[in-house]
There are 2 protein chains.
Amino acid sequence: MDKLLAPTSIAMVGASNNTWSIGGMVTANLLRAFDGPVHPVHPRDTEIQGRKACPSIADLPEPVDLAVIAVPAGQVLGVVEQAAERGVGGAVILTSGFAEAGPEGKDLQQALADVSARTGIRLIGPNCIGYMNVAGGVMANFALLPNEPLPQPGPVALVSQSGGFGSYLTSKALLSGVRLGWFVTTGNEVDVNLAQTLRFLVERPEVGVLLTFSETLRDPETFIDAAVRAAELGKPMVMLKAGRTEAAAKAALSHTASVTGSAAVMDAVCEQYGVIVAQTMEEMLDLGLIFQDGRRPAGDRIAIMTTSGGAGVLLSDVAAQQGLTVPELPEDEQAALTELMPRPFYGSVLNPVDTTAQITGNPEAYGKVVNAVAGSPSVDMLTTVVWAHPGPAIDTVIDTYRSTTRPLAVLTNAPVVDLTEAGVPTYTDPARAVGSLAALARFTTRPIPARAPYRPDEERRERARALLTGGSPMLECDAKKLLALYGVPVTAEEFVHSPEDAARAAGSIGGPVALKAMSYQLPHKSDAGAVRLGVRDVPGEYAAMLAEVARKAPQARIEGVLVQQMVPARLELTCGMRRDPAFGPMVAAGLGGVLVEILAEAVLLRPPFDVRTARAALDGLAGGRLVSGGRGLSEEEAELVATVMTGLAELALDLPEVDEVDVNPLRVADGAVVAADGLVVISHG
Amino acid sequence: MDKLLAPTSIAMVGASNNTWSIGGMVTANLLRAFDGPVHPVHPRDTEIQGRKACPSIADLPEPVDLAVIAVPAGQVLGVVEQAAERGVGGAVILTSGFAEAGPEGKDLQQALADVSARTGIRLIGPNCIGYMNVAGGVMANFALLPNEPLPQPGPVALVSQSGGFGSYLTSKALLSGVRLGWFVTTGNEVDVNLAQTLRFLVERPEVGVLLTFSETLRDPETFIDAAVRAAELGKPMVMLKAGRTEAAAKAALSHTASVTGSAAVMDAVCEQYGVIVAQTMEEMLDLGLIFQDGRRPAGDRIAIMTTSGGAGVLLSDVAAQQGLTVPELPEDEQAALTELMPRPFYGSVLNPVDTTAQITGNPEAYGKVVNAVAGSPSVDMLTTVVWAHPGPAIDTVIDTYRSTTRPLAVLTNAPVVDLTEAGVPTYTDPARAVGSLAALARFTTRPIPARAPYRPDEERRERARALLTGGSPMLECDAKKLLALYGVPVTAEEFVHSPEDAARAAGSIGGPVALKAMSYQLPHKSDAGAVRLGVRDVPGEYAAMLAEVARKAPQARIEGVLVQQMVPARLELTCGMRRDPAFGPMVAAGLGGVLVEILAEAVLLRPPFDVRTARAALDGLAGGRLVSGGRGLSEEEAELVATVMTGLAELALDLPEVDEVDVNPLRVADGAVVAADGLVVISHG
C-alpha cells in the first residue's frame, strides 16, 4: 500500500499533451506537485508536457512505485500485466468501462483482479478519479483541474467510492475551509477498497480526521479494525452512507420487518465502534471543520456570544437539544463583562452573552468581550456570530481563535474567506455551528470501543451442537435448552407425552401453567390452537388442545407437550439474533408485545461484545427512557437483559449453523427476566 | 395597519445628517426608496440630507401616514403623543430601552401602550429595526445599510420579532437568492405583534410566501387565523421557532411528563393549521427559495439527473426518505435519452439519470438531456447537479428552468450568483435540494385545514355542569358520566354502597368485575389497594378492599364502591385534555399502558376540530403504524378514537372550569373502544 499511496516514483500511462483530456490533466497534476521522477508513457509521442516520454511501461528506465493508468478500457489489462512484470508496486486505474458496463466489463475487471492476486500488484479503481496525497506531492487525480490551486497540506482525509461525487465533495470541502491532506476514490474496488484505504490512512501521522462516503461496504472486518484504531488514536472517523433506503427495503434484521435493514445495521456498527454517522453531506464537512484543528473541549459547557437576543435563543435551543450545557456565568464574570460593554447596555451577560448590535461600532470593546468569554473558566467552548463583512470584527475573531486553545465555532450569514483561511470553523446556520461543537464534545467524552475477544468454551459448544440435531426451527423445548446453555434464563418447564405426566409436571412447577403442543410442523403455534395459558385443569386442557390441533393442523406430527411455568411481566422485551449479509451476526433487543409493531425501536450490536457494551446500548434505547427508574427496566433487570444479549452473541459465534434466534417474549418483572418462548432457526445441511 | 405598513407619506423623527447614526441611516434609506413625501424632523437642523426639516412632528406641513422614530428612549412617549395628536396613522419605534431594560423601561412601554389604546395610533416596536416594504418603497429600517443595493420586489415576506436576528436573516436570505418583498421586525410588540403582521401580509397580493421567526407568540387566535387564510390562498407559511427547549421544560401537556411542552403544542398547532415548521434557519430559507417561484408539482414523482452515480444514490435516498417517488422511466424515454448521450455510455437512463462526467465536455448534449428529463411525462419535478463554475452548464440549466413550469432544484458545490439571479432554486446539499422539493410536494397535496366552528349543545352543557358540583378530581364514577355525555364509550358500571348491592350489580354486568373504592382523598387508587380486578367473589373482595384501604389510607372518606365491567384490550391508548398557557385547550391521544412512559408519542389537536381532522392526525401517529392493518387500530377503531377526541374537544370548549381530562386506559379490542378509567380535574372556585 505504501508504494501505491505514498510512492517515490511514478509512471503516467496514457499521458497526453492535451490538458483537456483526462490523461493530460492527470499528467499536468502529477508534474506540478511531485518532487520525485514522473515518467510519461505514450506509444508515439517522445516528449509530453516537457518530459521525455517512454513508449511503454516495459521501457521505463527504472521500476516505479506507482503507475497511473488512463488508457482505453481494452488496453488496461495489458498495461497492468506489463506493470506487474516491470516490478511496479501499484496502479491507479482511472479508466471506466469495467464492472459498471455490463458482462464484458465484468469479465475484464475479473481479469484485473486475477493479475493483482497473482502478481501482488495493488490496484485502485478502475472507474475512479484517482487520489491526492498532498504531503507526498501525489496528485494522481483529475478531481482538481491543473489550473486550480494545489491545496495546502491538511489533516483531513476524504475517502469515497464514487469518483464524481468524491470530486464534488473535494471541491466543496476545500471551499468550506476543510483542509484536505488526502483524497482517495476507490471506484469499482477491484482490489483496494474503502475499508482498506481507511485502515491505511488511519495510521498515517499527518491524518487527524477521516471522512468517508460509502455506497456499499465490502470489507466489514477491516472497516471495524480501522474504526477501532481511529478511536484508539483519537482520530474521529465520519461516515456518510448512501443507499440507505434501497438497503432498508432488503431483508430486515428483526421479524417486525420495520426496525432494521442493512442501513440500520451499518448505523449500529458505526455506533458500536465509535464511527460518527453524518446524515447529510454538509454535516460530514461541518464535522471535518470542527475536528480538523485538533482542539478538544474539557467538558460540555458552551458560551454563546451574540449581538442579537434572537440568535442567542436559537443557539441555546440547539445547544440544549444536542446535550450541551449553557451555564449561567458566575456573578464576578458577569460584572467583569458588564464593565466592558458600551453604555447604555440593554443586553445580557448571563450566557448567552448578548452584546446588542451597538458593540459592532466598537471593535475594541468587542474584542475585549469575546476574549473574556473565550477565556472564562466557566465554559469549555465558544460560539459567536459575525456578519460576513470583512472588517475589525472578523479580525478580532481570528485573533481570539489564535489566542485560545478552546474550540470555537463562528456563525456567519455567508462564507468568509478570511475566517476559513485562518482555519476558524465557520458555519452559516446556528444548528450547524452548535451541532458541530456538540459532536466534538460527544466525541471527546465517548468511551473507546472495547475490543472484546471471544474465547469459546469448547465443551459448551459441543453440548450446544448436540441439541441442533432435530429439525428447524427447533422445538421450543429444545430451543430453550440451547438458550439456557448460553445463560438465558428460561421458564421452568417439562416436556411430557401424556396428560398424567403433564399433571404431575404442573404440580411440581406449581400454580397455573401453560401447555404448548410441540411439532416441527407448527411454526405458528397459536394459530393452530397449540397454546393454552393459565391452565389449572391440566388433563382436560391437554386433551382439548390436542383435539383442536388435530382439527386445525391435521398434518402436524405432535412430538409431545411442553408444560411451562407462567411468569408475570411488567414489561415484555424481545431479544434476537440475525445474520446480516455484510456484517454477519447481529444481536438485537427491544420492546416487545403488540406495540413492537407500532413503535419498533431496538438496539443492535455486533458480536463479540461485553456486558458493559450491551448495557450502554440499552441505556441509550428510547431516548434513555427504557432504563429510567420509572416503570422501565431497573438496573438489575437491565444487567440481566445485557447478559441475555451477550449469551446470544456467544451462541452466534459458536454456532454458525444457527441462522436466527428469537427470544420473544423476554418477560421482565420484579428484578428477573425470563424467556417465555424461543425460536431457533438452523440452516440446512 | 395600511397607513402604518403601506404609507403614502412619512415623517422621520430623529433624522440626522450623520449616516452612520441609526437616525441618519434610516433617513437615507427612506429617502432613496420612497416616492411620496418624506419629512425629516429635527429640533435644530433645518435641512437634513438635502430635505427641509421640521423642528417637531407637531410642525409637519401635513398629517402623515407613518412616523419613524429614532430618538432617545426618554423622548419617545412625547413624540408618539404628538404624532397621535397630529393625526399620524402609525409609528415605527426603533429606539431600545423599554421592556427589555428593567422596570423603568417597562413603565415607559406601558405608557406607549396606553397612548396607542387611547388614540388608536398603531405602533411597531419599540426595540426593533423597522420594516421594509419593497413594492411600496418603504425602507423604514436599518437592516440594510444605505450603501447596500435595494432589493428587487419579490414575493417573500419575512417577519421576525428579533431585530438583530431578523436583520441577519434578511441579509442571508438575499444572499441565498430569496426574493424578499417584505421584511418586518416587531421588537417588543407594544401594539402590533407577529401574528397581526402575518394576518396583514397574507392578504397582500404581492406576497406569495410567508417566513416567520418567532420567540414567543402573543396572539394565537390571530396566528391561527393568518395560517388558515394562508392555506386558503395557497400561500405557504413557514415558522422557525426559538425557545423550544426552555419551553419544553415547562409544564407538560400530558401526565407522562415527557410528551409535550409548549414547543410541542406550537408544533402541533402549526401541523393542524398547515404551517410548515422549519427545524433550522437554513431550512426556512431553503423553503422560501423553492416556494417563491409559485411552481407547484402535479404529483410526487421526481427525476434525478447527475453526472455521478454516487450523487444520484444520495439524492434518491433523500427522495425516498422524504416521501417522493423516483419512478423508473419508461423504455421509450430511456431509449430517447440513450440516443442523446455521448459514446461510449457507461451511465444510466433509468432515473436517477447518470450522464457520467464525460457529458460536461459537451454542453449541447447536456442541454438536450436536461430538457428531455425536465419534459418527461413520467415525472413532476426535477433535481440536477452542476459544478459551481460559470459556463455552459449553468446557462443550460437556466434555459431549462425558464422553459419549463415544473419545479426544479439545483445542487451545486458552492453558491452560484448566475443561478440565484435567474431565480433558480439552488442548494449546496443533496438533502436540502430534495428535501425542499419534497416539502413543496407535501404542501401542494396537503388538505386545507378545516375551520370547524363549534355550536355548543346548551342542554348537554347544563347536564354536564350539574356533574361538576363535587370535589376535584371528580370521583371516577362521575367523571365517566361526564365523559359519556360527550360521547366517550365507558365501561358498564354501577356505583354502590354495600356488598349486597355490589354483588347484584356484578350479576347484572356479568362475568368477573372490577371493584374500585371511590374517595376524593384517593387520587392514586391502586397505591391504597382501592382497586380489585377480575373479581368473582364480590362480597369477599369488597370487604377485603375496604379493610386494606382503611389500613393504608385511614384519612380517606369512602363515598362508595364502583362495580365495573372488565373489558378486554388488544391495545391500550390514552386520551386527554390539558390547557396550554398560550394556545388554550389541547386534546391528546397516544399509546397507553406501561410503554407510554418509555415510548411517548401522541397526537395533539386544538379544539374545535372535526372527526376527519382527528382521524388524519391518528393516521400519522407512530410513522403511520398505529392505524396500519396489522395489530394496530382497525379503521373502525380509529374512527371511534377520533370520536373520543372530538368529544373531549367539545367538553373542553363547553366547560372552561375543567382543567384536565385523562382517559387512561382507553381499551381497544374487537372494533370497540372503552374508557376503563377517567380522571377529570376541575379548577378551584
# chains A, B, ... in the order shown; residues from 1 in each chain; ligands from 1
>>> interface_residues(of="chain A", to="chain B", cutoff="6 Å", atoms="only C-alpha atoms", output="PyMOL selection string")
chain A and resi 101+162+164-165+172+242-243+245+308+310-311+313-314+317+346+413+598+625-626
>>> write_last_selection(atoms="N, CA and C atoms", output="PDB file, in the first residue's frame")
ATOM      1  N   ALA A 101     -20.156  -1.607 -16.623  1.00  0.00           N
ATOM      2  CA  ALA A 101     -20.546  -1.506 -18.037  1.00  0.00           C
ATOM      3  C   ALA A 101     -20.965  -2.841 -18.629  1.00  0.00           C
ATOM      4  N   SER A 162     -17.327   6.719  -4.908  1.00  0.00           N
ATOM      5  CA  SER A 162     -17.763   7.438  -6.081  1.00  0.00           C
ATOM      6  C   SER A 162     -16.712   8.458  -6.482  1.00  0.00           C
ATOM      7  N   GLY A 164     -17.081  10.764  -9.109  1.00  0.00           N
ATOM      8  CA  GLY A 164     -17.717  12.035  -9.432  1.00  0.00           C
ATOM      9  C   GLY A 164     -18.152  12.766  -8.177  1.00  0.00           C
ATOM     10  N   PHE A 165     -18.819  12.035  -7.310  1.00  0.00           N
ATOM     11  CA  PHE A 165     -19.287  12.702  -6.108  1.00  0.00           C
ATOM     12  C   PHE A 165     -18.119  13.001  -5.173  1.00  0.00           C
ATOM     13  N   LYS A 172     -16.096  20.978  -2.708  1.00  0.00           N
ATOM     14  CA  LYS A 172     -16.911  21.633  -1.695  1.00  0.00           C
ATOM     15  C   LYS A 172     -16.162  21.711  -0.365  1.00  0.00           C
ATOM     16  N   ALA A 242     -24.592   6.251   1.528  1.00  0.00           N
ATOM     17  CA  ALA A 242     -25.645   6.328   0.515  1.00  0.00           C
ATOM     18  C   ALA A 242     -26.274   4.963   0.357  1.00  0.00           C
ATOM     19  N   GLY A 243     -27.437   4.923  -0.266  1.00  0.00           N
ATOM     20  CA  GLY A 243     -28.115   3.640  -0.490  1.00  0.00           C
ATOM     21  C   GLY A 243     -28.838   3.156   0.744  1.00  0.00           C
ATOM     22  N   THR A 245     -32.053   3.775   1.757  1.00  0.00           N
ATOM     23  CA  THR A 245     -33.440   3.340   1.610  1.00  0.00           C
ATOM     24  C   THR A 245     -33.539   2.059   0.791  1.00  0.00           C
ATOM     25  N   SER A 308     -27.369  39.729  19.124  1.00  0.00           N
ATOM     26  CA  SER A 308     -28.830  39.727  18.976  1.00  0.00           C
ATOM     27  C   SER A 308     -29.419  38.660  19.888  1.00  0.00           C
ATOM     28  N   GLY A 310     -32.224  37.209  19.704  1.00  0.00           N
ATOM     29  CA  GLY A 310     -32.883  36.151  18.945  1.00  0.00           C
ATOM     30  C   GLY A 310     -31.930  35.050  18.546  1.00  0.00           C
ATOM     31  N   ALA A 311     -30.757  35.444  18.054  1.00  0.00           N
ATOM     32  CA  ALA A 311     -29.770  34.442  17.668  1.00  0.00           C
ATOM     33  C   ALA A 311     -29.339  33.642  18.886  1.00  0.00           C
ATOM     34  N   VAL A 313     -31.104  32.883  21.541  1.00  0.00           N
ATOM     35  CA  VAL A 313     -32.131  31.905  21.912  1.00  0.00           C
ATOM     36  C   VAL A 313     -32.048  30.687  20.988  1.00  0.00           C
ATOM     37  N   LEU A 314     -31.885  30.967  19.709  1.00  0.00           N
ATOM     38  CA  LEU A 314     -31.806  29.866  18.738  1.00  0.00           C
ATOM     39  C   LEU A 314     -30.575  28.996  19.002  1.00  0.00           C
ATOM     40  N   ASP A 317     -31.135  26.867  22.095  1.00  0.00           N
ATOM     41  CA  ASP A 317     -32.006  25.738  21.777  1.00  0.00           C
ATOM     42  C   ASP A 317     -31.202  24.564  21.240  1.00  0.00           C
ATOM     43  N   TYR A 346     -28.324  47.345  27.119  1.00  0.00           N
ATOM     44  CA  TYR A 346     -29.620  46.666  27.237  1.00  0.00           C
ATOM     45  C   TYR A 346     -29.518  45.174  26.929  1.00  0.00           C
ATOM     46  N   ASN A 413     -23.412  34.964   8.188  1.00  0.00           N
ATOM     47  CA  ASN A 413     -24.532  34.889   7.247  1.00  0.00           C
ATOM     48  C   ASN A 413     -24.087  34.484   5.849  1.00  0.00           C
ATOM     49  N   ILE A 598     -45.784  -1.359  16.336  1.00  0.00           N
ATOM     50  CA  ILE A 598     -46.172   0.029  16.162  1.00  0.00           C
ATOM     51  C   ILE A 598     -45.004   0.957  16.472  1.00  0.00           C
ATOM     52  N   ARG A 625     -35.160   6.228  28.014  1.00  0.00           N
ATOM     53  CA  ARG A 625     -36.308   6.013  28.892  1.00  0.00           C
ATOM     54  C   ARG A 625     -36.559   4.550  29.216  1.00  0.00           C
ATOM     55  N   LEU A 626     -35.883   3.619  28.500  1.00  0.00           N
ATOM     56  CA  LEU A 626     -36.124   2.210  28.810  1.00  0.00           C
ATOM     57  C   LEU A 626     -35.546   1.865  30.184  1.00  0.00           C
TER      58      LEU A 626
END
>>> residues_around(residues="region 375-380 of chain B", least_positions_apart="6", cutoff="7 Å", atoms="only C-alpha atoms", output="PyMOL selection string")
chain B and resi 297-303+329+406
>>> write_last_selection(atoms="N, CA and C atoms", output="PDB file, in the first residue's frame")
ATOM      1  N   PRO B 297     -45.782  21.138  -8.037  1.00  0.00           N
ATOM      2  CA  PRO B 297     -45.734  19.878  -8.790  1.00  0.00           C
ATOM      3  C   PRO B 297     -47.109  19.229  -8.860  1.00  0.00           C
ATOM      4  N   ALA B 298     -47.346  18.495  -9.939  1.00  0.00           N
ATOM      5  CA  ALA B 298     -48.643  17.832 -10.102  1.00  0.00           C
ATOM      6  C   ALA B 298     -48.699  16.546  -9.282  1.00  0.00           C
ATOM      7  N   GLY B 299     -47.578  16.059  -8.837  1.00  0.00           N
ATOM      8  CA  GLY B 299     -47.552  14.813  -8.074  1.00  0.00           C
ATOM      9  C   GLY B 299     -46.243  14.715  -7.312  1.00  0.00           C
ATOM     10  N   ASP B 300     -45.889  13.499  -6.922  1.00  0.00           N
ATOM     11  CA  ASP B 300     -44.715  13.344  -6.069  1.00  0.00           C
ATOM     12  C   ASP B 300     -43.561  12.643  -6.796  1.00  0.00           C
ATOM     13  N   ARG B 301     -43.584  12.652  -8.128  1.00  0.00           N
ATOM     14  CA  ARG B 301     -42.559  11.917  -8.874  1.00  0.00           C
ATOM     15  C   ARG B 301     -41.396  12.838  -9.229  1.00  0.00           C
ATOM     16  N   ILE B 302     -40.201  12.449  -8.826  1.00  0.00           N
ATOM     17  CA  ILE B 302     -39.040  13.286  -9.060  1.00  0.00           C
ATOM     18  C   ILE B 302     -38.089  12.622 -10.041  1.00  0.00           C
ATOM     19  N   ALA B 303     -37.553  13.431 -10.953  1.00  0.00           N
ATOM     20  CA  ALA B 303     -36.457  12.973 -11.801  1.00  0.00           C
ATOM     21  C   ALA B 303     -35.159  13.483 -11.191  1.00  0.00           C
ATOM     22  N   LEU B 329     -37.912   5.413 -15.538  1.00  0.00           N
ATOM     23  CA  LEU B 329     -38.502   5.984 -16.760  1.00  0.00           C
ATOM     24  C   LEU B 329     -38.939   4.853 -17.692  1.00  0.00           C
ATOM     25  N   ARG B 406     -42.236  23.306 -14.440  1.00  0.00           N
ATOM     26  CA  ARG B 406     -42.103  22.353 -13.340  1.00  0.00           C
ATOM     27  C   ARG B 406     -41.091  22.827 -12.316  1.00  0.00           C
TER      28      ARG B 406
END
>>> atom_distance(atom1="CA of Tyr542 (chain A)", atom2="CA of Phe495 (chain A)")
12.8 Å
>>> select_by_dssp(residues="region 354-520 of chain B", states="helix (DSSP H, G or I)", output="PyMOL selection string")
chain B and resi 357-361+363-374+392-403+417-421+430-445+458-467+476-485+499-509
>>> residues_around(residues="region 115-126 of chain A", least_positions_apart="6", cutoff="6 Å", atoms="only C-alpha atoms", output="count of residues only")
14
>>> atom_distance(atom1="CA of Val663 (chain A)", atom2="CA of Asp457 (chain A)")
22.3 Å
>>> residues_around(residues="Met139 (chain A)", least_positions_apart="3", cutoff="7 Å", atoms="only C-alpha atoms", output="list in words")
Asn29, Leu30, Ala33, Tyr131, Met132 and Asn133 of chain A
>>> atom_distance(atom1="CA of Asp418 (chain A)", atom2="CA of Ala365 (chain A)")
21.1 Å
>>> residues_around(residues="Thr643 (chain B)", least_positions_apart="3", cutoff="8 Å", atoms="only C-alpha atoms", output="PyMOL selection string")
chain B and resi 487-488+611+614+639-640+646-647
>>> select_by_dssp(residues="region 557-656 of chain A", states="strand (DSSP E)", output="ChimeraX atom specification")
/A:560-565,571-580,584-591,602-605
>>> residues_around(residues="Pro55 (chain A)", least_positions_apart="5", cutoff="7 Å", atoms="only C-alpha atoms", output="ChimeraX atom specification")
/A:41-44
>>> closest_residue(among="A:Phe609, A:Met518, A:Ala642, A:Arg51", to="Tyr273 (chain A)", atoms="only C-alpha atoms")
A:Phe609
>>> residues_around(residues="Lys480 (chain B)", least_positions_apart="3", cutoff="8 Å", atoms="only C-alpha atoms", output="list in words")
Glu476, Cys477, Leu483, Ala484, Val490, Ala675, Asp677 and Gly678 of chain B
